[in-house]
Amino acid sequence: MSEAMLSLTGVHTHIGQYHILQGVDLTVPRGELTVLLGRNGAGKTTTLRTIMGLWHASRGALLFDGEDITRAATPHIACAGIAYVPENMGIFSDLTVRENLLLAARADEPNAARLEWIFGFFPALKKFWNQAAGTLSGGQKQMLAIARAIVEPRKLLLVDEPTKGLAPAIIQSLIVAFRELKAMETTILLVEQNFGFVKSLGDTVAVMDDGRIVHSGPMAGLAENRELQQKLLGLSLDTHQ
Amino acid sequence: MTTTTPAATADAELPRLRLDTPPLLVLPILALLALPLIGSFPTWVTLTVAGLAMGMMIFIMASGLTLVFGLMDVLNFGHGAFVSVGAFTATLVLLPMQGWMQADSVLLNLAALGLAVALAMLVTGLLGWAFERVVVMPVYGQHLKQILITMGGMIVAEQMIHVVWGPDQIPLPLPTSFRGAILVGDAAIEKYRLIAVAVGLIVFVAMFLILNRTKIGLLIRAGVENGEMVEALGYRIRRLFVGVFVAGSALAGLGGVLWGLYKETLTAAMGGDIMVLVFIVIIIGGLGSVGGCFIGALLVALVANYAGFLAPKIALVSNILLMVAILLWRPQGLYPVAKR
Amino acid sequence: MMLHRILSGDFPRSRVLALALLVVFAGLALAPFLFPGARAINVAATICVFVVLVASYDLLLGYTGIVSFAHTMFYGIGAYGVGLSLYSVGPTWGAVFMGLTLSLMLSLALALLIGLFSLRVKAIFYAMITLAVASAFAVLASQLSDFTGGEDGRTFSVPEALRPGFRLVENEIFGTAINGKLLTYYLVFFSALALFLLLLRVVNSPFGRVLQAIRENDFRAEALGYRTVVYRTLANCLSAATATLAGALMALWLRYAGPQTTLSFTIMMDILLIVVIGGMGTLYGSVVGAALFLLAQNYLQALMKQASDGLAAVPLLANLLHPDRWLLWLGVLFVLSVYFFPTGIVGKLRSRK
């Protein structure tokens, strides 16, 4: 197993009076795609938001690429090299597709070759280049949100349930995109409920329940073991796919 | 730039980015409706220009306030203090420089005014920075305290004006070359009103360009919609906010100078008084929307001027009625700002 | 227990506070006998009215978490209602009640309208709209001078029994004449007392507790099945009606209604200051706050004048201490208390066991 890009040790997060994360231990290996599974309310989104510094851990430590980011502010964490695609996609609907990507790039203009590469799997973005992002369809918004995170290479990509509410055809183009990213050895932490979507993509997998990691290991191990799947994820997963 | 041109022409999948036009039409319709009521074309022209001038000045004062609210959910009830302070600061330049002001030379007049405006904007900008640090920051996110504290801050600022400049109102005459009116046909148009319109337009266009053509502007617009995501992209929104707060305060100072010259007398309460109109304007425009604020300001001022001529006693009530009418039509204001 | 019922079970819960309340109560109850002189009795009557006015405002600000700048508008409606009615109909009790009824109806209608219009949105929205409406109302009152007397206001006669010339008993008691002025004072005092106890009952009722739940967390209150808009609007109406009654009392006492004494923004600031300094969210704060504030306003300003005159040689300092700069120091005090003593005097006293 390769070294860790990101590691969480014993992370607790409180939101108001609620104790959401109750000691999360999670490792995201460098250059791999890690999938975080778990039912609604297990704490997956809170884990991502805690990594991003949008909520702060009340206990435990977060180490990113050798740096302690437990207390760091969100902009600092972003500049350290983590890109984040939130569950609601967080696109700026008043801004055009171009402007959305412009803000995501640290350079004055996004790199043309990299843009062409992105247009390769998300052609709609090219088509609606100067159109307000608010007028895009749900799937196109998701493409824009992901494109925004990869418009420049980042060390780590956090993606929160990208397939939620999307049509199968669009999910297919997301799979293509993630394959491309994997081919470039991008480190990714992907939160999902759709096991079918991540089964073939993930290298390693972690399963959350009640604010803790209850299982972690190689994806192959979980993908082949239906019994373990049922135990960890319940039967409902079969209805996906 | 990667010169990727959208092939949207061949595409019927999406609606084109639509410009929300109905609010834009309200202004000309209002002006046209007022014409037969007023009856005389020259009077109508005079009133309309007066309304536009007043609207521009209100826009200058209100724009910073609405942006600050949009960006950080902070409504500064003390914004009016910057208006007063700006106007009073201008007297520091204008009164000693009466020579330049009274000179029959546009250039000297403009130089004196320019200096006054620069000083006023500098002082109110700095004051805004201090106000943000000392007064607003500790109560960020607590609306109730915010309203109380900023209101209290305004009282203190108003009283400090009395302490520094004394309790009496100060006359502030216009420079020579801006006095009087020019005749267009039968309609008399005061020169100063034209200047106010010009300055207002310049501010609006500059603001429009900054918001749409610069990265800072994009960040502000993005921050109004979803500040958290702006941070997640690696930008410090707090810094952005302080910048906008300072700029908004400086604009209020500019508005104060313009307004003071318009009224030709200064009182410490002038800022607080105008705030009533400013609040109506940003409610009408949609909290956080600069474009809405612009249209709202012109609308409010035109209605006030027309109503002032047609039924002087209910001029201020007319604005309340206008606000009620607009909110019945669009409960979130003319241009509601998309919030996450 | 009797006291328990009168105070609706809401005890001062602090010995110093209880003592302060007793002093204020006794002072006001016996004011005409303890402090002879027109000025003292005027201060006492103003305190009575302001206790009610501020308490009704606290129902909004402290208990419901709504910032309104239209409270003086309702206060003014009450004052003008009674005043204009007495002015135009003549000094009869019928006119008083007619004015009272009409102004209550107007206040309730306005409160309902403003509430329905803006209470469903944010606190800030409500604050801005009330500010706009109240200032428009003030302008309207001074513009319609044929009706309201404009900036000068209206001086009017009150019913016979309330006039200074009226004698209930021929002899003086404890050196105080039992005349119409005294009767008016006690009318004001007992009405204010009754209104205050009524408000105390309201905030300690189940209704009051729902209001506080809404203030703490309106989403949760809504989720628990309370229609927050309805509760807020009701609180708004109740508060407006009480302010209207306070205005009517003030008009009867002053035999005058004008923009400076009722509608001006200065009075709105006074109310805000008293609430914050006395203590938000506790009605006793309005008693302590109003008494302290009005005493200071009437007697401390004289002191400032002396200090200012003494420092006449130091220009800026003299300006700072000029009695007209009274509001400056209040403003500073106000800002500091919002920061450091958000619970006000009463909160401080209660937390000190």
# chains A, B, ... in the order shown; residues from 1 in each chain; ligands from 1
call {"tool": "residues_around", "arguments": {"residues": "range 208-216 of chain A", "least_positions_apart": "6", "cutoff": "10 Å", "atoms": "only C-alpha atoms", "output": "PyMOL selection string"}}
result
chain A and resi 10-13+19-27+34-44+46-47+222+228+232-233
call {"tool": "closest_atom_pairs", "arguments": {"of": "chain A", "to": "chain B", "cutoff": "8 Å", "atoms": "only C-alpha atoms", "output": "JSON lines"}}
result
{"residue": "A:Met52", "atom": "CA", "partner": "B:Ala232", "partner_atom": "CA", "distance": 7.1}
{"residue": "A:Leu54", "atom": "CA", "partner": "B:Glu228", "partner_atom": "CA", "distance": 7.7}
{"residue": "A:Thr74", "atom": "CA", "partner": "B:Ala232", "partner_atom": "CA", "distance": 5.8}
{"residue": "A:Pro75", "atom": "CA", "partner": "B:Gly234", "partner_atom": "CA", "distance": 3.9}
{"residue": "A:His76", "atom": "CA", "partner": "B:Gly234", "partner_atom": "CA", "distance": 6.4}
{"residue": "A:Ile77", "atom": "CA", "partner": "B:Gly234", "partner_atom": "CA", "distance": 7.3}
{"residue": "A:Ala78", "atom": "CA", "partner": "B:Gly234", "partner_atom": "CA", "distance": 4.6}
{"residue": "A:Cys79", "atom": "CA", "partner": "B:Gly234", "partner_atom": "CA", "distance": 5.2}
{"residue": "A:Ala83", "atom": "CA", "partner": "B:Leu233", "partner_atom": "CA", "distance": 7.1}
{"residue": "A:Tyr84", "atom": "CA", "partner": "B:Ala232", "partner_atom": "CA", "distance": 6.7}
{"residue": "A:Gly90", "atom": "CA", "partner": "B:Met229", "partner_atom": "CA", "distance": 6.1}
{"residue": "A:Ile91", "atom": "CA", "partner": "B:Met229", "partner_atom": "CA", "distance": 8.0}
{"residue": "A:Phe92", "atom": "CA", "partner": "B:Ala222", "partner_atom": "CA", "distance": 5.7}
{"residue": "A:Ser93", "atom": "CA", "partner": "B:Ala338", "partner_atom": "CA", "distance": 7.8}
{"residue": "A:Asp94", "atom": "CA", "partner": "B:Ala222", "partner_atom": "CA", "distance": 7.6}
{"residue": "A:Leu95", "atom": "CA", "partner": "B:Ala222", "partner_atom": "CA", "distance": 7.3}
{"residue": "A:Glu99", "atom": "CA", "partner": "B:Leu218", "partner_atom": "CA", "distance": 7.2}
{"residue": "A:Leu103", "atom": "CA", "partner": "B:Lys215", "partner_atom": "CA", "distance": 7.2}
{"residue": "A:Ala104", "atom": "CA", "partner": "B:Leu233", "partner_atom": "CA", "distance": 5.9}
{"residue": "A:Glu109", "atom": "CA", "partner": "B:Met1", "partner_atom": "CA", "distance": 6.8}
{"residue": "A:Ala112", "atom": "CA", "partner": "B:Thr2", "partner_atom": "CA", "distance": 5.6}
{"residue": "A:Lys126", "atom": "CA", "partner": "B:Pro6", "partner_atom": "CA", "distance": 6.2}
{"residue": "A:Lys127", "atom": "CA", "partner": "B:Pro6", "partner_atom": "CA", "distance": 4.6}
{"residue": "A:Phe128", "atom": "CA", "partner": "B:Pro6", "partner_atom": "CA", "distance": 5.7}
{"residue": "A:Trp129", "atom": "CA", "partner": "B:Pro6", "partner_atom": "CA", "distance": 5.6}
{"residue": "A:Asn130", "atom": "CA", "partner": "B:Pro6", "partner_atom": "CA", "distance": 6.8}
{"residue": "A:Gln131", "atom": "CA", "partner": "B:Leu17", "partner_atom": "CA", "distance": 6.2}
{"residue": "A:Ala132", "atom": "CA", "partner": "B:Leu17", "partner_atom": "CA", "distance": 6.2}
{"residue": "A:Thr135", "atom": "CA", "partner": "B:Leu17", "partner_atom": "CA", "distance": 6.9}
{"residue": "A:Leu136", "atom": "CA", "partner": "B:Leu14", "partner_atom": "CA", "distance": 7.2}
call {"tool": "write_last_selection", "arguments": {"atoms": "C-alpha atoms", "output": "CSV table (one decimal), in the first residue's frame"}}
result
chain,number,residue,atom,x,y,z
A,52,MET,CA,-12.2,21.1,4.1
A,54,LEU,CA,-15.9,24.1,6.9
A,74,THR,CA,-10.8,26.6,4.6
A,75,PRO,CA,-9.0,28.9,2.1
A,76,HIS,CA,-5.7,27.7,3.5
A,77,ILE,CA,-6.7,24.1,3.0
A,78,ALA,CA,-7.9,24.8,-0.5
A,79,CYS,CA,-4.6,26.5,-1.4
A,83,ALA,CA,-10.4,20.6,-4.3
A,84,TYR,CA,-14.0,20.1,-3.1
A,90,GLY,CA,-22.0,24.8,-5.1
A,91,ILE,CA,-21.8,26.2,-8.5
A,92,PHE,CA,-22.4,30.0,-8.9
A,93,SER,CA,-25.6,30.1,-10.9
A,94,ASP,CA,-25.3,33.8,-11.6
A,95,LEU,CA,-21.9,33.4,-13.2
A,99,GLU,CA,-16.5,32.5,-15.0
A,103,LEU,CA,-12.5,31.4,-10.3
A,104,ALA,CA,-11.4,27.9,-9.7
A,109,GLU,CA,-6.7,32.0,-17.2
A,112,ALA,CA,-6.1,25.7,-22.7
A,126,LYS,CA,-17.8,23.8,-24.2
A,127,LYS,CA,-21.2,24.2,-25.7
A,128,PHE,CA,-22.5,26.5,-23.0
A,129,TRP,CA,-19.3,28.2,-22.3
A,130,ASN,CA,-20.7,31.7,-22.0
A,131,GLN,CA,-24.0,30.8,-20.5
A,132,ALA,CA,-25.1,31.4,-16.9
A,135,THR,CA,-29.5,27.6,-16.8
A,136,LEU,CA,-27.6,24.3,-17.0
call {"tool": "select_by_dssp", "arguments": {"residues": "range 252-323 of chain B", "states": "helix (DSSP H, G or I)", "output": "PyMOL selection string"}}
result
chain B and resi 252-263+270-285+290-310+312-323
call {"tool": "closest_atom_pairs", "arguments": {"of": "chain B", "to": "chain C", "cutoff": "9 Å", "atoms": "only C-alpha atoms", "output": "JSON lines"}}
result
{"residue": "B:Leu75", "atom": "CA", "partner": "C:Ile124", "partner_atom": "CA", "distance": 7.3}
{"residue": "B:Phe77", "atom": "CA", "partner": "C:Met128", "partner_atom": "CA", "distance": 8.7}
{"residue": "B:Val135", "atom": "CA", "partner": "C:Val335", "partner_atom": "CA", "distance": 8.5}
{"residue": "B:Pro138", "atom": "CA", "partner": "C:Tyr339", "partner_atom": "CA", "distance": 8.2}
{"residue": "B:Val139", "atom": "CA", "partner": "C:Tyr339", "partner_atom": "CA", "distance": 8.3}
{"residue": "B:His143", "atom": "CA", "partner": "C:Ile124", "partner_atom": "CA", "distance": 7.0}
{"residue": "B:Leu144", "atom": "CA", "partner": "C:Val67", "partner_atom": "CA", "distance": 6.9}
{"residue": "B:Lys145", "atom": "CA", "partner": "C:Val338", "partner_atom": "CA", "distance": 6.9}
{"residue": "B:Ile147", "atom": "CA", "partner": "C:Ile124", "partner_atom": "CA", "distance": 7.5}
{"residue": "B:Leu148", "atom": "CA", "partner": "C:Val338", "partner_atom": "CA", "distance": 7.5}
{"residue": "B:Ile149", "atom": "CA", "partner": "C:Val335", "partner_atom": "CA", "distance": 5.5}
{"residue": "B:Thr150", "atom": "CA", "partner": "C:Val335", "partner_atom": "CA", "distance": 8.3}
{"residue": "B:Met151", "atom": "CA", "partner": "C:Val335", "partner_atom": "CA", "distance": 8.7}
{"residue": "B:Gly152", "atom": "CA", "partner": "C:Gly331", "partner_atom": "CA", "distance": 5.3}
{"residue": "B:Gly153", "atom": "CA", "partner": "C:Val335", "partner_atom": "CA", "distance": 6.9}
{"residue": "B:Met154", "atom": "CA", "partner": "C:Gly331", "partner_atom": "CA", "distance": 8.4}
{"residue": "B:Ile155", "atom": "CA", "partner": "C:Gly331", "partner_atom": "CA", "distance": 5.8}
{"residue": "B:Val156", "atom": "CA", "partner": "C:Leu328", "partner_atom": "CA", "distance": 5.2}
{"residue": "B:Ala157", "atom": "CA", "partner": "C:Leu328", "partner_atom": "CA", "distance": 8.2}
{"residue": "B:Glu158", "atom": "CA", "partner": "C:Leu328", "partner_atom": "CA", "distance": 8.2}
{"residue": "B:Gln159", "atom": "CA", "partner": "C:Leu328", "partner_atom": "CA", "distance": 5.3}
{"residue": "B:Met160", "atom": "CA", "partner": "C:Leu328", "partner_atom": "CA", "distance": 7.2}
{"residue": "B:His162", "atom": "CA", "partner": "C:Arg325", "partner_atom": "CA", "distance": 7.9}
{"residue": "B:Val163", "atom": "CA", "partner": "C:Asn319", "partner_atom": "CA", "distance": 5.3}
{"residue": "B:Val164", "atom": "CA", "partner": "C:Leu316", "partner_atom": "CA", "distance": 7.2}
{"residue": "B:Gly166", "atom": "CA", "partner": "C:Asn319", "partner_atom": "CA", "distance": 7.8}
{"residue": "B:Pro167", "atom": "CA", "partner": "C:Asp324", "partner_atom": "CA", "distance": 8.5}
{"residue": "B:Asp273", "atom": "CA", "partner": "C:Ser135", "partner_atom": "CA", "distance": 8.8}
{"residue": "B:Met275", "atom": "CA", "partner": "C:Ala132", "partner_atom": "CA", "distance": 8.8}
{"residue": "B:Val276", "atom": "CA", "partner": "C:Ala132", "partner_atom": "CA", "distance": 5.3}
{"residue": "B:Leu277", "atom": "CA", "partner": "C:Ala132", "partner_atom": "CA", "distance": 7.5}
{"residue": "B:Phe279", "atom": "CA", "partner": "C:Met128", "partner_atom": "CA", "distance": 6.1}
{"residue": "B:Ile280", "atom": "CA", "partner": "C:Ala132", "partner_atom": "CA", "distance": 6.9}
{"residue": "B:Ile283", "atom": "CA", "partner": "C:Phe125", "partner_atom": "CA", "distance": 7.9}
{"residue": "B:Lys313", "atom": "CA", "partner": "C:Gln143", "partner_atom": "CA", "distance": 6.0}
{"residue": "B:Ile314", "atom": "CA", "partner": "C:Leu140", "partner_atom": "CA", "distance": 6.9}
{"residue": "B:Ala315", "atom": "CA", "partner": "C:Ala136", "partner_atom": "CA", "distance": 9.0}
{"residue": "B:Leu316", "atom": "CA", "partner": "C:Ala136", "partner_atom": "CA", "distance": 5.6}
{"residue": "B:Val317", "atom": "CA", "partner": "C:Ala136", "partner_atom": "CA", "distance": 5.5}
{"residue": "B:Ser318", "atom": "CA", "partner": "C:Ala136", "partner_atom": "CA", "distance": 9.0}
{"residue": "B:Asn319", "atom": "CA", "partner": "C:Ala136", "partner_atom": "CA", "distance": 8.6}
{"residue": "B:Ile320", "atom": "CA", "partner": "C:Val133", "partner_atom": "CA", "distance": 6.7}
{"residue": "B:Val324", "atom": "CA", "partner": "C:Phe117", "partner_atom": "CA", "distance": 8.5}
{"residue": "B:Leu327", "atom": "CA", "partner": "C:Phe117", "partner_atom": "CA", "distance": 8.8}
call {"tool": "residues_around", "arguments": {"residues": "Asp160 in chain A", "least_positions_apart": "4", "cutoff": "9 Å", "atoms": "only C-alpha atoms", "output": "list in words"}}
result
Lys44, Thr45, Leu48, Tyr84, Val85, Pro86, Glu87, Asn88, Met89, Leu189, Leu190, Val191 and Glu192 of chain A
call {"tool": "select_by_dssp", "arguments": {"residues": "range 139-238 of chain A", "states": "strand (DSSP E)", "output": "list in words"}}
result
Leu156, Leu157, Leu158, Val159, Asp160, Thr187, Ile188, Leu189, Leu190, Val191, Thr204, Val205, Ala206, Val207, Met208, Asp209, Arg212, Ile213, Val214, His215, Ser216, Gly217 and Pro218 of chain A
call {"tool": "write_last_selection", "arguments": {"atoms": "N, CA and C atoms", "output": "short mmCIF file (atom, residue, chain, number, x, y, z; two decimals), in the first residue's frame"}}
result
data_model
loop_
_atom_site.label_atom_id
_atom_site.label_comp_id
_atom_site.auth_asym_id
_atom_site.auth_seq_id
_atom_site.Cartn_x
_atom_site.Cartn_y
_atom_site.Cartn_z
N LEU A 156 -5.47 16.51 -4.05
CA LEU A 156 -6.55 15.65 -3.57
C LEU A 156 -7.89 16.22 -4.00
N LEU A 157 -8.77 15.31 -4.39
CA LEU A 157 -10.10 15.70 -4.86
C LEU A 157 -11.13 15.10 -3.92
N LEU A 158 -12.01 15.95 -3.35
CA LEU A 158 -13.10 15.43 -2.52
C LEU A 158 -14.39 15.59 -3.32
N VAL A 159 -15.10 14.49 -3.54
CA VAL A 159 -16.32 14.58 -4.33
C VAL A 159 -17.46 13.94 -3.53
N ASP A 160 -18.53 14.73 -3.33
CA ASP A 160 -19.64 14.27 -2.49
C ASP A 160 -20.84 13.86 -3.34
N THR A 187 -5.33 11.64 -6.74
CA THR A 187 -5.85 11.09 -5.49
C THR A 187 -7.26 11.61 -5.27
N ILE A 188 -8.18 10.70 -5.04
CA ILE A 188 -9.60 11.09 -4.94
C ILE A 188 -10.23 10.43 -3.73
N LEU A 189 -11.04 11.22 -3.02
CA LEU A 189 -11.90 10.64 -1.98
C LEU A 189 -13.33 10.88 -2.43
N LEU A 190 -14.02 9.78 -2.72
CA LEU A 190 -15.33 9.87 -3.35
C LEU A 190 -16.39 9.34 -2.38
N VAL A 191 -17.34 10.18 -2.02
CA VAL A 191 -18.44 9.74 -1.17
C VAL A 191 -19.57 9.28 -2.08
N THR A 204 -9.64 1.55 -2.98
CA THR A 204 -9.90 1.14 -1.61
C THR A 204 -11.28 1.66 -1.22
N VAL A 205 -11.79 1.10 -0.16
CA VAL A 205 -13.14 1.49 0.26
C VAL A 205 -13.18 1.57 1.78
N ALA A 206 -13.97 2.53 2.26
CA ALA A 206 -14.24 2.61 3.69
C ALA A 206 -15.74 2.76 3.85
N VAL A 207 -16.28 2.14 4.88
CA VAL A 207 -17.72 2.20 5.11
C VAL A 207 -17.96 2.87 6.45
N MET A 208 -18.87 3.84 6.45
CA MET A 208 -19.18 4.59 7.68
C MET A 208 -20.52 4.19 8.22
N ASP A 209 -20.63 4.24 9.54
CA ASP A 209 -21.94 4.13 10.17
C ASP A 209 -21.88 4.84 11.52
N ARG A 212 -18.64 6.65 12.57
CA ARG A 212 -17.37 5.92 12.68
C ARG A 212 -17.12 5.14 11.39
N ILE A 213 -15.83 4.81 11.15
CA ILE A 213 -15.53 3.92 10.04
C ILE A 213 -15.69 2.49 10.57
N VAL A 214 -16.58 1.72 9.91
CA VAL A 214 -16.83 0.37 10.42
C VAL A 214 -16.13 -0.70 9.58
N HIS A 215 -15.62 -0.30 8.40
CA HIS A 215 -14.90 -1.27 7.58
C HIS A 215 -13.99 -0.51 6.66
N SER A 216 -12.78 -1.02 6.43
CA SER A 216 -11.99 -0.44 5.36
C SER A 216 -11.07 -1.50 4.78
N GLY A 217 -10.76 -1.38 3.50
CA GLY A 217 -9.93 -2.37 2.84
C GLY A 217 -9.97 -2.16 1.35
N PRO A 218 -9.38 -3.06 0.58
CA PRO A 218 -9.41 -2.91 -0.87
C PRO A 218 -10.82 -3.10 -1.42
#
call {"tool": "atom_distance", "arguments": {"atom1": "CA of Lys191 in chain B", "atom2": "CA of Phe178 in chain B"}}
result
5.6 Å
call {"tool": "atom_distance", "arguments": {"atom1": "CA of Thr228 in chain C", "atom2": "CA of Ala241 in chain C"}}
result
19.8 Å
call {"tool": "residues_around", "arguments": {"residues": "Ala252 in chain B", "least_positions_apart": "4", "cutoff": "9 Å", "atoms": "only C-alpha atoms", "output": "tab-separated table (two decimals) with all heavy atoms, in the first residue's frame"}}
result
chain	number	residue	atom	x	y	z
B	60	ILE	N	-25.77	55.76	-5.19
B	60	ILE	CA	-24.37	55.78	-4.74
B	60	ILE	C	-24.30	55.45	-3.25
B	60	ILE	O	-23.44	54.69	-2.80
B	60	ILE	CB	-23.74	57.16	-5.03
B	60	ILE	CG1	-23.61	57.35	-6.54
B	60	ILE	CG2	-22.38	57.27	-4.37
B	60	ILE	CD1	-23.14	58.71	-6.95
B	61	MET	N	-25.24	56.00	-2.49
B	61	MET	CA	-25.22	55.74	-1.05
B	61	MET	C	-25.65	54.31	-0.72
B	61	MET	O	-25.19	53.72	0.24
B	61	MET	CB	-26.13	56.74	-0.35
B	61	MET	CG	-25.64	58.17	-0.46
B	61	MET	SD	-26.68	59.30	0.46
B	61	MET	CE	-27.52	60.16	-0.85
B	62	ALA	N	-26.58	53.77	-1.52
B	62	ALA	CA	-27.17	52.48	-1.16
B	62	ALA	C	-26.37	51.29	-1.68
B	62	ALA	O	-26.44	50.20	-1.10
B	62	ALA	CB	-28.61	52.41	-1.70
B	63	SER	N	-25.60	51.48	-2.76
B	63	SER	CA	-25.01	50.32	-3.41
B	63	SER	C	-24.07	49.54	-2.49
B	63	SER	O	-24.12	48.30	-2.44
B	63	SER	CB	-24.25	50.78	-4.66
B	63	SER	OG	-23.33	51.80	-4.30
B	64	GLY	N	-23.24	50.26	-1.73
B	64	GLY	CA	-22.32	49.58	-0.83
B	64	GLY	C	-23.06	48.78	0.23
B	64	GLY	O	-22.70	47.65	0.55
B	65	LEU	N	-24.13	49.37	0.71
B	65	LEU	CA	-24.90	48.72	1.77
B	65	LEU	C	-25.49	47.40	1.31
B	65	LEU	O	-25.42	46.38	2.00
B	65	LEU	CB	-26.01	49.67	2.21
B	65	LEU	CG	-26.76	49.32	3.47
B	65	LEU	CD1	-25.80	49.36	4.64
B	65	LEU	CD2	-27.90	50.26	3.70
B	79	HIS	N	-24.93	52.95	8.38
B	79	HIS	CA	-24.41	53.39	7.09
B	79	HIS	C	-24.61	54.89	6.89
B	79	HIS	O	-23.77	55.56	6.28
B	79	HIS	CB	-25.10	52.60	5.99
B	79	HIS	CG	-24.43	52.69	4.66
B	79	HIS	ND1	-23.23	52.09	4.40
B	79	HIS	CD2	-24.80	53.30	3.51
B	79	HIS	CE1	-22.90	52.32	3.13
B	79	HIS	NE2	-23.82	53.05	2.58
B	80	GLY	N	-25.73	55.41	7.38
B	80	GLY	CA	-26.03	56.83	7.21
B	80	GLY	C	-24.98	57.72	7.81
B	80	GLY	O	-24.77	58.85	7.34
B	81	ALA	N	-24.29	57.25	8.84
B	81	ALA	CA	-23.26	58.07	9.46
B	81	ALA	C	-22.16	58.40	8.46
B	81	ALA	O	-21.62	59.50	8.46
B	81	ALA	CB	-22.67	57.34	10.66
B	82	PHE	N	-21.84	57.45	7.57
B	82	PHE	CA	-20.80	57.70	6.58
B	82	PHE	C	-21.23	58.82	5.62
B	82	PHE	O	-20.40	59.59	5.15
B	82	PHE	CB	-20.49	56.43	5.78
B	82	PHE	CG	-20.01	55.30	6.64
B	82	PHE	CD1	-20.62	54.06	6.58
B	82	PHE	CD2	-18.96	55.49	7.52
B	82	PHE	CE1	-20.18	53.03	7.38
B	82	PHE	CE2	-18.52	54.45	8.31
B	82	PHE	CZ	-19.13	53.23	8.25
B	83	VAL	N	-22.53	58.86	5.34
B	83	VAL	CA	-23.04	59.92	4.47
B	83	VAL	C	-22.80	61.28	5.12
B	83	VAL	O	-22.23	62.19	4.50
B	83	VAL	CB	-24.55	59.69	4.20
B	83	VAL	CG1	-25.14	60.88	3.46
B	83	VAL	CG2	-24.77	58.40	3.43
B	84	SER	N	-23.18	61.40	6.39
B	84	SER	CA	-23.00	62.67	7.08
B	84	SER	C	-21.52	63.01	7.20
B	84	SER	O	-21.11	64.14	6.92
B	84	SER	CB	-23.61	62.60	8.49
B	84	SER	OG	-24.95	62.25	8.43
B	86	GLY	N	-19.04	62.07	5.42
B	86	GLY	CA	-18.50	62.43	4.11
B	86	GLY	C	-18.80	63.88	3.79
B	86	GLY	O	-17.91	64.65	3.40
B	121	MET	N	-13.94	60.63	0.66
B	121	MET	CA	-13.95	59.19	0.43
B	121	MET	C	-12.85	58.51	1.23
B	121	MET	O	-13.04	57.40	1.75
B	121	MET	CB	-13.82	58.88	-1.06
B	121	MET	CG	-15.07	59.26	-1.85
B	121	MET	SD	-14.96	58.87	-3.60
B	121	MET	CE	-15.24	57.11	-3.60
B	124	THR	N	-14.11	58.51	4.97
B	124	THR	CA	-15.20	57.57	5.22
B	124	THR	C	-14.75	56.13	4.98
B	124	THR	O	-15.20	55.22	5.66
B	124	THR	CB	-16.44	57.87	4.36
B	124	THR	OG1	-16.02	58.07	3.00
B	124	THR	CG2	-17.14	59.11	4.85
B	125	GLY	N	-13.82	55.95	4.02
B	125	GLY	CA	-13.28	54.61	3.80
B	125	GLY	C	-12.55	54.11	5.03
B	125	GLY	O	-12.78	52.99	5.49
B	247	ALA	N	-15.10	50.04	0.57
B	247	ALA	CA	-15.53	50.70	-0.67
B	247	ALA	C	-16.94	51.25	-0.52
B	247	ALA	O	-17.23	52.38	-0.95
B	247	ALA	CB	-15.47	49.72	-1.83
B	248	GLY	N	-17.82	50.47	0.11
B	248	GLY	CA	-19.20	50.91	0.31
B	248	GLY	C	-19.24	52.16	1.18
B	248	GLY	O	-20.03	53.08	0.93
B	256	GLY	N	-22.61	61.43	0.23
B	256	GLY	CA	-22.84	62.49	1.21
B	256	GLY	C	-22.42	63.84	0.67
B	256	GLY	O	-23.14	64.83	0.83
B	257	VAL	N	-21.26	63.88	0.01
B	257	VAL	CA	-20.80	65.16	-0.56
B	257	VAL	C	-21.81	65.64	-1.61
B	257	VAL	O	-22.24	66.80	-1.61
B	257	VAL	CB	-19.41	65.00	-1.20
B	257	VAL	CG1	-18.95	66.34	-1.76
B	257	VAL	CG2	-18.41	64.49	-0.19
